[in-house]
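Next comes start.txt, with compact mmCIF, C-alpha atoms and all ligand atoms.
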# COMPACT_ATOMS: atom_id res chain seq x y z
CA MET A 1266 1.27 1.57 22.55
CA GLN A 1267 1.21 -2.18 21.91
CA SER A 1268 -1.95 -4.22 21.62
CA ARG A 1269 -2.38 -6.33 24.76
CA GLU A 1270 -2.70 -9.60 22.84
CA LYS A 1271 0.39 -10.75 21.01
CA SER A 1272 0.90 -11.01 17.27
CA LEU A 1273 1.52 -14.45 15.77
CA ARG A 1274 5.14 -14.58 14.58
CA SER A 1275 6.10 -18.20 13.89
CA ALA A 1276 4.74 -21.24 12.12
CA ALA A 1277 4.11 -22.83 15.52
CA ASP A 1278 2.07 -19.76 16.59
CA LEU A 1279 0.02 -20.08 13.39
CA ALA A 1280 -0.66 -23.76 14.06
CA ASP A 1281 -1.68 -22.97 17.67
CA ALA A 1282 -4.10 -20.35 16.32
CA ARG A 1283 -5.53 -22.92 13.82
CA LEU A 1284 -4.37 -20.84 10.85
CA ILE A 1285 -2.25 -23.66 9.40
CA ALA A 1286 -2.30 -27.42 9.78
CA ARG A 1287 0.22 -28.77 12.28
CA GLU A 1288 1.90 -30.90 9.58
CA LYS A 1289 2.82 -27.75 7.63
CA VAL A 1290 4.85 -26.24 10.48
CA SER A 1291 8.29 -27.43 9.37
CA ASP A 1292 7.79 -26.29 5.74
CA LEU A 1293 6.52 -22.92 6.84
CA GLU A 1294 9.34 -22.48 9.35
CA ARG A 1295 11.64 -22.37 6.31
CA VAL A 1296 9.48 -19.66 4.74
CA ALA A 1297 9.38 -17.69 8.01
CA ALA A 1298 13.17 -17.89 8.24
CA ARG A 1299 13.39 -16.12 4.87
CA TYR A 1300 10.44 -13.70 4.99
CA ALA A 1301 9.09 -12.09 8.14
CA VAL A 1302 5.78 -13.30 9.55
CA ALA A 1303 3.46 -11.34 11.85
CA ILE A 1304 -0.30 -11.47 12.16
CA THR A 1305 -1.86 -9.04 14.60
CA PRO A 1306 -4.82 -10.04 16.82
CA ALA A 1307 -7.10 -7.77 14.74
CA ILE A 1308 -6.19 -9.63 11.55
CA ALA A 1309 -6.28 -13.10 13.17
CA GLU A 1310 -9.84 -12.30 14.26
CA LEU A 1311 -10.90 -11.43 10.71
CA ILE A 1312 -9.74 -14.75 9.26
CA GLU A 1313 -12.40 -17.38 8.70
CA ARG A 1314 -10.67 -20.66 9.58
CA GLU A 1315 -13.23 -22.82 7.81
CA ASP A 1316 -12.65 -21.11 4.46
CA ALA A 1317 -9.57 -22.59 2.77
CA ALA A 1318 -9.57 -19.66 0.32
CA ASP A 1319 -10.14 -16.91 2.87
CA PRO A 1320 -8.95 -13.63 1.29
CA ILE A 1321 -7.59 -12.25 4.56
CA ALA A 1322 -5.61 -15.43 5.33
CA ARG A 1323 -4.26 -15.44 1.79
CA GLN A 1324 -2.68 -12.04 2.35
CA PHE A 1325 -0.95 -12.79 5.66
CA VAL A 1326 -0.54 -16.54 6.26
CA PRO A 1327 2.74 -17.75 4.70
CA ALA A 1328 2.77 -20.44 2.01
CA ALA A 1329 5.46 -22.82 0.76
CA ALA A 1330 5.10 -21.23 -2.72
CA GLU A 1331 7.01 -18.19 -1.41
CA LEU A 1332 10.26 -20.08 -1.86
CA ALA A 1333 9.55 -20.76 -5.57
CA TRP A 1334 10.95 -17.77 -7.41
CA ARG A 1335 10.31 -16.92 -11.06
CA PRO A 1336 13.20 -15.69 -13.24
CA GLN A 1337 11.54 -12.31 -13.87
CA GLU A 1338 11.03 -11.69 -10.13
CA SER A 1339 13.47 -9.39 -8.41
CA GLN A 1340 14.66 -8.69 -4.87
CA ASP A 1341 14.19 -4.98 -5.61
CA PRO A 1342 11.19 -5.06 -7.96
CA ILE A 1343 10.53 -1.31 -8.07
CA GLY A 1344 14.21 -0.30 -8.15
CA ASP A 1345 14.45 1.57 -4.82
CA GLY A 1346 18.17 0.86 -4.80
CA ALA A 1347 18.75 2.90 -7.95
CA HIS A 1348 17.44 6.05 -6.25
CA GLY A 1349 18.93 6.02 -2.75
CA PRO A 1350 21.17 9.08 -2.40
CA VAL A 1351 21.52 8.69 1.40
CA GLU A 1352 20.43 5.99 3.81
CA GLY A 1353 16.65 6.01 4.37
CA VAL A 1354 15.83 8.20 1.35
CA VAL A 1355 14.48 7.16 -2.07
CA HIS A 1356 14.44 10.11 -4.47
CA ARG A 1357 12.81 8.92 -7.69
CA TYR A 1358 10.62 11.88 -8.75
CA PRO A 1359 11.65 15.54 -8.83
CA ASP A 1360 9.25 16.98 -6.25
CA ARG A 1361 9.08 14.26 -3.62
CA VAL A 1362 11.09 11.73 -1.63
CA LEU A 1363 10.34 8.61 0.35
CA LEU A 1364 11.73 8.62 3.89
CA MET A 1365 11.98 5.10 5.30
CA LEU A 1366 12.07 5.46 9.07
CA THR A 1367 11.77 1.78 9.91
CA HIS A 1368 11.87 -1.65 8.31
CA VAL A 1369 9.30 -3.01 10.76
CA CYS A 1370 5.59 -3.51 10.02
CA ALA A 1371 2.77 -4.48 12.37
CA THR A 1372 1.97 -7.39 10.06
CA TYR A 1373 3.76 -8.76 7.00
CA CYS A 1374 1.97 -9.11 3.69
CA ARG A 1375 2.96 -12.20 1.70
CA PHE A 1376 3.05 -10.18 -1.57
CA CYS A 1377 5.07 -7.27 -0.16
CA PHE A 1378 7.17 -5.47 -2.79
CA ARG A 1379 9.81 -4.72 -0.12
CA ARG A 1380 9.78 -8.20 1.38
CA GLU A 1381 13.56 -8.48 1.12
CA THR A 1382 14.06 -5.44 3.34
CA VAL A 1383 11.14 -5.36 5.77
CA GLY A 1384 11.11 -7.41 8.95
CA PRO A 1385 12.32 -7.33 12.52
CA GLN A 1386 15.77 -8.66 11.63
CA GLY A 1387 18.82 -6.40 11.38
CA LYS A 1388 18.66 -2.64 11.91
CA SER A 1389 14.97 -1.94 12.36
CA MET A 1390 15.10 1.88 12.76
CA LEU A 1391 16.95 4.61 10.99
CA SER A 1392 19.75 5.66 13.38
CA ARG A 1393 19.82 9.19 14.83
CA ARG A 1394 22.74 10.08 12.56
CA ALA A 1395 21.14 8.58 9.42
CA LEU A 1396 17.91 10.47 10.16
CA ALA A 1397 19.85 13.73 10.52
CA ASN A 1398 21.56 13.07 7.15
CA ALA A 1399 18.24 12.25 5.50
CA LEU A 1400 16.62 15.44 6.85
CA ALA A 1401 19.65 17.47 5.74
CA TYR A 1402 19.27 15.98 2.23
CA VAL A 1403 15.65 17.19 2.14
CA ALA A 1404 16.49 20.60 3.62
CA GLU A 1405 19.18 21.24 1.01
CA ARG A 1406 16.80 20.66 -1.93
CA PRO A 1407 14.09 23.30 -2.34
CA GLU A 1408 12.46 21.29 -5.12
CA ILE A 1409 11.28 18.69 -2.54
CA TRP A 1410 7.66 19.70 -1.93
CA GLU A 1411 6.43 16.42 -0.42
CA VAL A 1412 7.95 13.82 1.93
CA ILE A 1413 6.38 10.38 2.07
CA LEU A 1414 6.96 8.38 5.27
CA SER A 1415 7.01 4.76 4.20
CA GLY A 1416 8.97 1.67 5.04
CA GLY A 1417 8.15 -0.56 6.84
CA ASP A 1418 5.15 1.04 8.49
CA PRO A 1419 5.88 4.44 10.07
CA LEU A 1420 2.92 4.14 12.43
CA VAL A 1421 4.64 1.37 14.41
CA LEU A 1422 6.99 4.04 15.77
CA SER A 1423 6.39 5.65 19.16
CA GLU A 1424 4.37 8.85 19.26
CA ARG A 1425 7.47 10.65 20.55
CA ARG A 1426 9.60 9.56 17.62
CA LEU A 1427 6.92 10.23 15.04
CA GLY A 1428 6.21 13.65 16.49
CA ASP A 1429 9.91 14.46 16.41
CA VAL A 1430 10.26 13.52 12.72
CA VAL A 1431 7.05 15.29 11.68
CA GLY A 1432 8.13 18.40 13.59
CA ARG A 1433 11.59 18.43 11.99
CA LEU A 1434 10.13 17.96 8.51
CA ALA A 1435 7.56 20.68 9.13
CA ALA A 1436 10.37 23.06 10.06
CA ILE A 1437 11.72 22.80 6.50
CA GLU A 1438 10.08 25.73 4.74
CA HIS A 1439 9.80 24.16 1.26
CA VAL A 1440 8.26 20.86 2.51
CA LYS A 1441 4.55 21.55 2.29
CA ILE A 1442 3.12 18.02 2.33
CA ILE A 1443 3.88 15.06 4.60
CA ARG A 1444 2.29 11.82 3.45
CA VAL A 1445 2.19 8.70 5.63
CA HIS A 1446 1.79 5.24 4.07
CA THR A 1447 0.38 2.76 6.54
CA ARG A 1448 -1.61 -0.40 7.14
CA VAL A 1449 -1.89 0.20 10.91
CA PRO A 1450 -5.47 1.59 11.12
CA VAL A 1451 -6.62 -1.78 9.68
CA VAL A 1452 -4.18 -4.24 11.21
CA ASP A 1453 -3.83 -2.64 14.65
CA PRO A 1454 -6.59 -0.07 15.00
CA GLY A 1455 -6.03 0.39 18.75
CA ARG A 1456 -2.73 2.01 17.87
CA ILE A 1457 -4.55 5.13 16.54
CA THR A 1458 -4.69 6.97 19.86
CA PRO A 1459 -5.19 10.69 20.50
CA ALA A 1460 -1.44 10.94 21.21
CA LEU A 1461 -0.56 9.35 17.87
CA VAL A 1462 -2.97 11.65 16.03
CA ARG A 1463 -1.37 14.66 17.78
CA ALA A 1464 2.09 13.41 16.74
CA LEU A 1465 0.99 13.51 13.10
CA LYS A 1466 -0.20 17.10 13.15
CA ALA A 1467 2.05 19.94 12.09
CA GLU A 1468 1.12 23.62 12.07
CA GLY A 1469 0.93 25.08 8.59
CA LYS A 1470 1.58 21.78 6.72
CA ALA A 1471 -0.81 19.34 5.10
CA ILE A 1472 -0.56 15.77 6.39
CA TYR A 1473 -2.15 13.00 4.33
CA VAL A 1474 -2.50 9.40 5.51
CA VAL A 1475 -2.69 6.74 2.77
CA LEU A 1476 -4.26 3.50 3.99
CA HIS A 1477 -3.25 0.19 2.41
CA ALA A 1478 -6.19 -2.25 2.39
CA ASN A 1479 -7.13 -4.92 -0.12
CA HIS A 1480 -10.42 -6.48 0.90
CA PRO A 1481 -13.65 -4.90 2.20
CA ARG A 1482 -13.60 -7.10 5.32
CA GLU A 1483 -10.41 -5.32 6.40
CA LEU A 1484 -12.52 -2.21 7.04
CA SER A 1485 -13.91 -3.61 10.28
CA ARG A 1486 -15.81 -1.44 12.75
CA ALA A 1487 -12.57 -0.84 14.70
CA ALA A 1488 -10.64 0.06 11.53
CA ARG A 1489 -13.38 2.52 10.48
CA ASP A 1490 -13.29 4.14 13.92
CA ALA A 1491 -9.49 4.42 13.73
CA CYS A 1492 -9.69 6.13 10.34
CA GLY A 1493 -12.45 8.39 11.65
CA LYS A 1494 -10.12 9.63 14.41
CA LEU A 1495 -7.53 10.69 11.87
CA ILE A 1496 -10.04 12.33 9.52
CA ASP A 1497 -11.92 14.10 12.32
CA ALA A 1498 -8.58 15.58 13.37
CA GLY A 1499 -8.27 17.20 9.94
CA ILE A 1500 -6.02 14.59 8.32
CA PRO A 1501 -7.35 13.65 4.86
CA MET A 1502 -7.05 9.99 3.91
CA LEU A 1503 -6.46 8.25 0.60
CA SER A 1504 -6.26 4.54 -0.15
CA GLN A 1505 -3.92 2.17 -1.88
CA THR A 1506 -4.79 -1.36 -2.84
CA VAL A 1507 -2.75 -4.10 -4.46
CA LEU A 1508 -4.63 -6.09 -7.10
CA LEU A 1509 -4.31 -9.66 -5.81
CA ARG A 1510 -5.50 -12.90 -7.33
CA GLY A 1511 -7.83 -14.69 -4.92
CA VAL A 1512 -8.28 -11.57 -2.76
CA ASN A 1513 -9.86 -8.78 -4.78
CA ASP A 1514 -9.67 -9.82 -8.46
CA ASP A 1515 -13.41 -9.70 -9.04
CA ALA A 1516 -15.50 -6.61 -9.73
CA GLN A 1517 -17.88 -7.10 -6.83
CA THR A 1518 -15.14 -7.36 -4.19
CA LEU A 1519 -13.11 -4.51 -5.66
CA GLY A 1520 -16.22 -2.33 -5.98
CA ASP A 1521 -17.27 -3.13 -2.40
CA LEU A 1522 -13.77 -2.20 -1.22
CA MET A 1523 -13.80 1.13 -3.06
CA ARG A 1524 -17.26 1.93 -1.70
CA ALA A 1525 -16.14 1.01 1.82
CA PHE A 1526 -13.23 3.46 1.48
CA VAL A 1527 -15.51 6.24 0.27
CA GLU A 1528 -18.03 5.55 3.05
CA CYS A 1529 -15.13 5.98 5.50
CA ARG A 1530 -14.26 9.34 3.82
CA ILE A 1531 -11.14 7.79 2.28
CA LYS A 1532 -10.64 8.71 -1.39
CA PRO A 1533 -9.49 5.73 -3.53
CA PHE A 1534 -6.07 6.67 -4.87
CA TYR A 1535 -4.01 3.78 -6.28
CA LEU A 1536 -4.77 0.26 -7.46
CA HIS A 1537 -1.30 -1.25 -7.84
CA HIS A 1538 -0.56 -4.03 -10.27
CA CYS A 1539 1.20 -6.64 -8.10
CA ASP A 1540 4.98 -6.16 -8.32
CA LEU A 1541 7.48 -8.82 -9.31
CA ALA A 1542 8.66 -9.56 -5.76
CA PRO A 1543 10.17 -13.02 -5.17
CA GLY A 1544 7.75 -15.87 -4.57
CA THR A 1545 4.59 -13.83 -5.25
CA ALA A 1546 3.45 -15.28 -8.60
CA ARG A 1547 0.31 -16.77 -7.08
CA PHE A 1548 -0.98 -13.26 -6.42
CA ARG A 1549 -0.37 -11.70 -9.82
CA THR A 1550 -3.17 -11.13 -12.30
CA THR A 1551 -2.54 -10.16 -15.90
CA ILE A 1552 -2.66 -6.47 -16.85
CA GLU A 1553 -5.63 -7.27 -19.12
CA GLU A 1554 -7.54 -8.64 -16.12
CA GLY A 1555 -6.70 -5.47 -14.20
CA GLN A 1556 -7.94 -3.28 -17.05
CA SER A 1557 -11.13 -5.26 -17.31
CA LEU A 1558 -11.75 -4.76 -13.56
CA MET A 1559 -11.14 -1.03 -13.95
CA ARG A 1560 -13.72 -0.95 -16.76
CA ALA A 1561 -16.18 -2.73 -14.48
CA LEU A 1562 -15.55 -0.14 -11.74
CA ARG A 1563 -16.03 2.71 -14.21
CA GLY A 1564 -19.23 1.12 -15.54
CA ARG A 1565 -20.90 0.38 -12.23
CA TYR A 1566 -19.58 2.63 -9.47
CA SER A 1567 -19.51 6.34 -8.58
CA GLY A 1568 -16.67 8.51 -9.81
CA LEU A 1569 -15.59 8.75 -6.16
CA CYS A 1570 -14.83 4.99 -6.25
CA GLN A 1571 -12.29 5.14 -9.10
CA PRO A 1572 -8.62 4.60 -8.19
CA SER A 1573 -5.80 4.98 -10.69
CA TYR A 1574 -4.50 1.57 -11.88
CA VAL A 1575 -0.71 1.81 -11.88
CA LEU A 1576 2.38 -0.28 -12.48
CA ASP A 1577 5.74 0.45 -10.91
CA ILE A 1578 8.04 -0.09 -13.85
CA PRO A 1579 10.79 -2.57 -12.88
CA GLY A 1580 14.23 -0.99 -12.65
CA GLY A 1581 13.12 2.10 -10.73
CA HIS A 1582 11.49 4.03 -13.57
CA GLY A 1583 8.49 5.03 -11.47
CA LYS A 1584 4.75 4.49 -11.53
CA SER A 1585 2.71 4.77 -14.70
CA PRO A 1586 -1.05 4.48 -15.17
CA ILE A 1587 -1.81 1.37 -17.21
CA GLY A 1588 -5.27 2.02 -18.42
CA PRO A 1589 -7.69 1.22 -19.64
CA ASN A 1590 -7.68 4.05 -22.13
CA TYR A 1591 -11.05 5.40 -23.24
CA LEU A 1592 -9.61 7.50 -26.04
CA VAL A 1593 -9.72 4.73 -28.65
CA SER A 1594 -8.18 6.71 -31.47
CA GLY A 1595 -7.25 10.29 -32.08
CA GLN A 1596 -5.87 12.14 -35.04
CA ARG A 1597 -5.46 15.74 -36.05
CA GLU A 1598 -6.18 15.38 -39.82
CA PRO A 1599 -9.15 15.45 -39.98
CA GLU A 1600 -9.76 16.51 -36.36
CA GLN A 1601 -11.67 13.58 -34.99
CA TYR A 1602 -11.39 11.35 -31.96
CA VAL A 1603 -13.14 8.13 -30.99
CA ILE A 1604 -13.99 7.79 -27.33
CA GLU A 1605 -15.51 4.85 -25.50
CA ASP A 1606 -18.20 5.48 -22.86
CA PHE A 1607 -18.62 3.62 -19.57
CA THR A 1608 -20.82 0.95 -21.21
CA GLY A 1609 -18.26 0.19 -23.94
CA ARG A 1610 -20.03 2.02 -26.78
CA GLN A 1611 -17.88 4.17 -29.04
CA HIS A 1612 -18.58 7.78 -30.02
CA SER A 1613 -16.84 10.27 -32.24
CA TYR A 1614 -15.78 13.66 -30.95
CA ARG A 1615 -14.84 16.62 -33.11
CA PRO A 1616 -13.33 19.52 -31.23
CA GLY A 1617 -14.95 22.88 -32.03
S1 LIG A 1701 2.54 -3.25 5.36
FE1 LIG A 1701 3.46 -2.55 3.39
S2 LIG A 1701 5.68 -2.59 3.75
FE2 LIG A 1701 4.71 -3.82 5.39
S3 LIG A 1701 4.70 -5.94 4.65
FE3 LIG A 1701 2.72 -5.04 4.00
S4 LIG A 1701 3.11 -4.24 1.94
FE4 LIG A 1701 5.12 -4.59 2.88
Write out the structure in this file as structure tokens.
Amino acid sequence: MQSREKSLRSAADLADARLIAREKVSDLERVAARYAVAITPAIAELIEREDAADPIARQFVPAAAELAWRPQESQDPIGDGAHGPVEGVVHRYPDRVLLMLTHVCATYCRFCFRRETVGPQGKSMLSRRALANALAYVAERPEIWEVILSGGDPLVLSERRLGDVVGRLAAIEHVKIIRVHTRVPVVDPGRITPALVRALKAEGKAIYVVLHANHPRELSRAARDACGKLIDAGIPMLSQTVLLRGVNDDAQTLGDLMRAFVECRIKPFYLHHCDLAPGTARFRTTIEEGQSLMRALRGRYSGLCQPSYVLDIPGGHGKSPIGPNYLVSGQREPEQYVIEDFTGRQHSYRPG
């Protein structure tokens, strides 16, 4: 189901919607020719036009800075290409694979780590034959316990197609978990219909939906209702957030976001350090800033509100937690450890 209003997809559309100044259109046409642009009606409505630093606009409205690339930035910042045994599959960790069904998203984030591959251009869907090969790859490997539908955003697919893929994955005995990574409940909440929820259910398998959201204002009333439909249907939800300068790089905003997730029955899961995708330097914080924000979360907010702060190591080496570490020092001779508490005070611990 498509939203009745149209998404904004060009610099001219953005100027018509008063999201950019008319004199910026030609510069931003060059950006849009390189990196896909789409802003759904739900997101356009959240943007405060009068605020030049609006954190929602910052995530979705293109900027000329996207064409200024840093030497350390990479077209494949998390190394998907090094782990692609067959088309549509990324197999980086032993017990799980990513299955990329589509390159299309409902809206395009300006900091996207897959910005070189997502977009409406080229082949937007995995072909029937490529999907069969990808499913055969999973079926032949009993060590694959979990399949993560990612992309692109899998929830832009039709209910029929999603239901078909979920059903075929569920028929593989050793696949016990199907995880869906999506931004759709926030950026196009009307898309979460009873038919779509039914398409995600599979007898005897656990389905998890992981919502990507970065600012508390994204959890609008409509987005909360959309998430509620999934959760009420027995689909647990987790969150993922990208740490973004000018969007959520202060403790209050990040804490409010984590609380909003928990209030929606969504367990905070990952806080990603912003990847080295081309033209995204304006979004990146330092790791020290990220650690300091994590300390602030730990010091002020419920244990339910604590995500894991992770970095995808460039080159395809996977995700690692990047602190902060509360075990300040540890040694076996003599058996003593120093551990920091949530206020920053240090304590010694001697195991019995
Ligand atoms: S929704 Fe995800 S895959 Fe799509 S543009 Fe945003 S970050 Fe990239």
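A search radius of 8 Å centred on (0.8, -13.8, 3.9), applied to all atoms listed in the file, returns the residues Val1302, Ala1322, Arg1323, Gln1324, Phe1325, Val1326, Pro1327, Ala1328, Tyr1373, Cys1374, Arg1375 and Phe1376 of chain A.
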A straight line from CA of Val1445 in chain A to CA of Leu1427 in chain A spans 10.6 Å
Each residue of chain A with at least one atom at most 7 Å from ligand LIG 1701 (chain A) should appear once, together with its nearest atom pair and the corresponding distance in Å (one decimal); atoms considered: all atoms listed in the file; ordering: chain, then increasing residue number; output as a tab-separated table.
residue	atom	partner	partner_atom	distance
A:Cys1370	CA	A:LIG1701	FE2	4.7
A:Thr1372	CA	A:LIG1701	S3	6.2
A:Tyr1373	CA	A:LIG1701	S3	3.8
A:Cys1374	CA	A:LIG1701	FE3	4.2
A:Phe1376	CA	A:LIG1701	S4	6.9
A:Cys1377	CA	A:LIG1701	FE4	4.1
A:Phe1378	CA	A:LIG1701	FE4	6.1
A:Arg1379	CA	A:LIG1701	FE4	5.6
A:Arg1380	CA	A:LIG1701	FE4	6.1
A:Val1383	CA	A:LIG1701	S2	6.4
A:Gly1416	CA	A:LIG1701	S2	5.5
A:Gly1417	CA	A:LIG1701	S2	4.4
A:Asp1418	CA	A:LIG1701	FE2	5.8
A:Thr1447	CA	A:LIG1701	S1	6.5
A:Arg1448	CA	A:LIG1701	S1	5.3
At most 6 Å from (-15.6, -7.3, -1.2), file frame, all atoms listed in the file: which residues, as a PyMOL selection string?
-> chain A and resi 1480-1481+1518-1519+1521-1522
With distances taken over only C-alpha atoms, which of A:Arg1530, A:Arg1510, A:His1356, A:Lys1441 is nearest to Gly1493 in chain A?
-> A:Arg1530
Kindly give the distance, in Å, that separates CA of Glu1313 in chain A and CA of Lys1494 in chain A, rounded to a single decimal.
-> 27.7 Å
Would you fill out range 1461-1474 of chain A with N, CA, C and O atoms and return it as a PDB file, in the frame of the given file?
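The resulting selection35.pdb:
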ATOM      1  N   LEU A1461      -1.129   9.613  19.196  1.00  0.00           N
ATOM      2  CA  LEU A1461      -0.560   9.350  17.870  1.00  0.00           C
ATOM      3  C   LEU A1461      -1.102  10.362  16.859  1.00  0.00           C
ATOM      4  O   LEU A1461      -0.364  10.885  16.026  1.00  0.00           O
ATOM      5  N   VAL A1462      -2.393  10.651  16.957  1.00  0.00           N
ATOM      6  CA  VAL A1462      -2.970  11.650  16.030  1.00  0.00           C
ATOM      7  C   VAL A1462      -2.282  12.995  16.242  1.00  0.00           C
ATOM      8  O   VAL A1462      -1.911  13.671  15.274  1.00  0.00           O
ATOM      9  N   ARG A1463      -2.060  13.378  17.516  1.00  0.00           N
ATOM     10  CA  ARG A1463      -1.370  14.660  17.780  1.00  0.00           C
ATOM     11  C   ARG A1463       0.028  14.659  17.184  1.00  0.00           C
ATOM     12  O   ARG A1463       0.495  15.643  16.640  1.00  0.00           O
ATOM     13  N   ALA A1464       0.706  13.499  17.252  1.00  0.00           N
ATOM     14  CA  ALA A1464       2.090  13.410  16.740  1.00  0.00           C
ATOM     15  C   ALA A1464       2.137  13.634  15.235  1.00  0.00           C
ATOM     16  O   ALA A1464       3.167  14.048  14.697  1.00  0.00           O
ATOM     17  N   LEU A1465       1.014  13.371  14.567  1.00  0.00           N
ATOM     18  CA  LEU A1465       0.990  13.510  13.100  1.00  0.00           C
ATOM     19  C   LEU A1465       0.641  14.920  12.649  1.00  0.00           C
ATOM     20  O   LEU A1465       0.713  15.210  11.458  1.00  0.00           O
ATOM     21  N   LYS A1466       0.241  15.765  13.557  1.00  0.00           N
ATOM     22  CA  LYS A1466      -0.200  17.100  13.150  1.00  0.00           C
ATOM     23  C   LYS A1466       0.990  18.059  13.128  1.00  0.00           C
ATOM     24  O   LYS A1466       1.883  17.968  13.953  1.00  0.00           O
ATOM     25  N   ALA A1467       0.968  18.954  12.158  1.00  0.00           N
ATOM     26  CA  ALA A1467       2.050  19.940  12.090  1.00  0.00           C
ATOM     27  C   ALA A1467       1.465  21.252  11.591  1.00  0.00           C
ATOM     28  O   ALA A1467       0.840  21.295  10.529  1.00  0.00           O
ATOM     29  N   GLU A1468       1.645  22.272  12.381  1.00  0.00           N
ATOM     30  CA  GLU A1468       1.120  23.620  12.070  1.00  0.00           C
ATOM     31  C   GLU A1468       1.551  24.066  10.680  1.00  0.00           C
ATOM     32  O   GLU A1468       2.739  24.005  10.354  1.00  0.00           O
ATOM     33  N   GLY A1469       0.586  24.470   9.885  1.00  0.00           N
ATOM     34  CA  GLY A1469       0.930  25.080   8.590  1.00  0.00           C
ATOM     35  C   GLY A1469       1.288  24.086   7.488  1.00  0.00           C
ATOM     36  O   GLY A1469       1.633  24.495   6.382  1.00  0.00           O
ATOM     37  N   LYS A1470       1.255  22.781   7.761  1.00  0.00           N
ATOM     38  CA  LYS A1470       1.580  21.780   6.720  1.00  0.00           C
ATOM     39  C   LYS A1470       0.384  20.842   6.549  1.00  0.00           C
ATOM     40  O   LYS A1470      -0.372  20.602   7.491  1.00  0.00           O
ATOM     41  N   ALA A1471       0.256  20.319   5.355  1.00  0.00           N
ATOM     42  CA  ALA A1471      -0.810  19.340   5.100  1.00  0.00           C
ATOM     43  C   ALA A1471      -0.257  17.932   5.311  1.00  0.00           C
ATOM     44  O   ALA A1471       0.790  17.587   4.757  1.00  0.00           O
ATOM     45  N   ILE A1472      -0.952  17.167   6.141  1.00  0.00           N
ATOM     46  CA  ILE A1472      -0.560  15.770   6.390  1.00  0.00           C
ATOM     47  C   ILE A1472      -1.633  14.895   5.742  1.00  0.00           C
ATOM     48  O   ILE A1472      -2.830  15.087   5.999  1.00  0.00           O
ATOM     49  N   TYR A1473      -1.224  13.970   4.933  1.00  0.00           N
ATOM     50  CA  TYR A1473      -2.150  13.000   4.330  1.00  0.00           C
ATOM     51  C   TYR A1473      -1.766  11.618   4.849  1.00  0.00           C
ATOM     52  O   TYR A1473      -0.574  11.297   4.935  1.00  0.00           O
ATOM     53  N   VAL A1474      -2.771  10.792   5.148  1.00  0.00           N
ATOM     54  CA  VAL A1474      -2.500   9.400   5.510  1.00  0.00           C
ATOM     55  C   VAL A1474      -3.084   8.521   4.390  1.00  0.00           C
ATOM     56  O   VAL A1474      -4.254   8.677   4.012  1.00  0.00           O
TER      57      VAL A1474
END
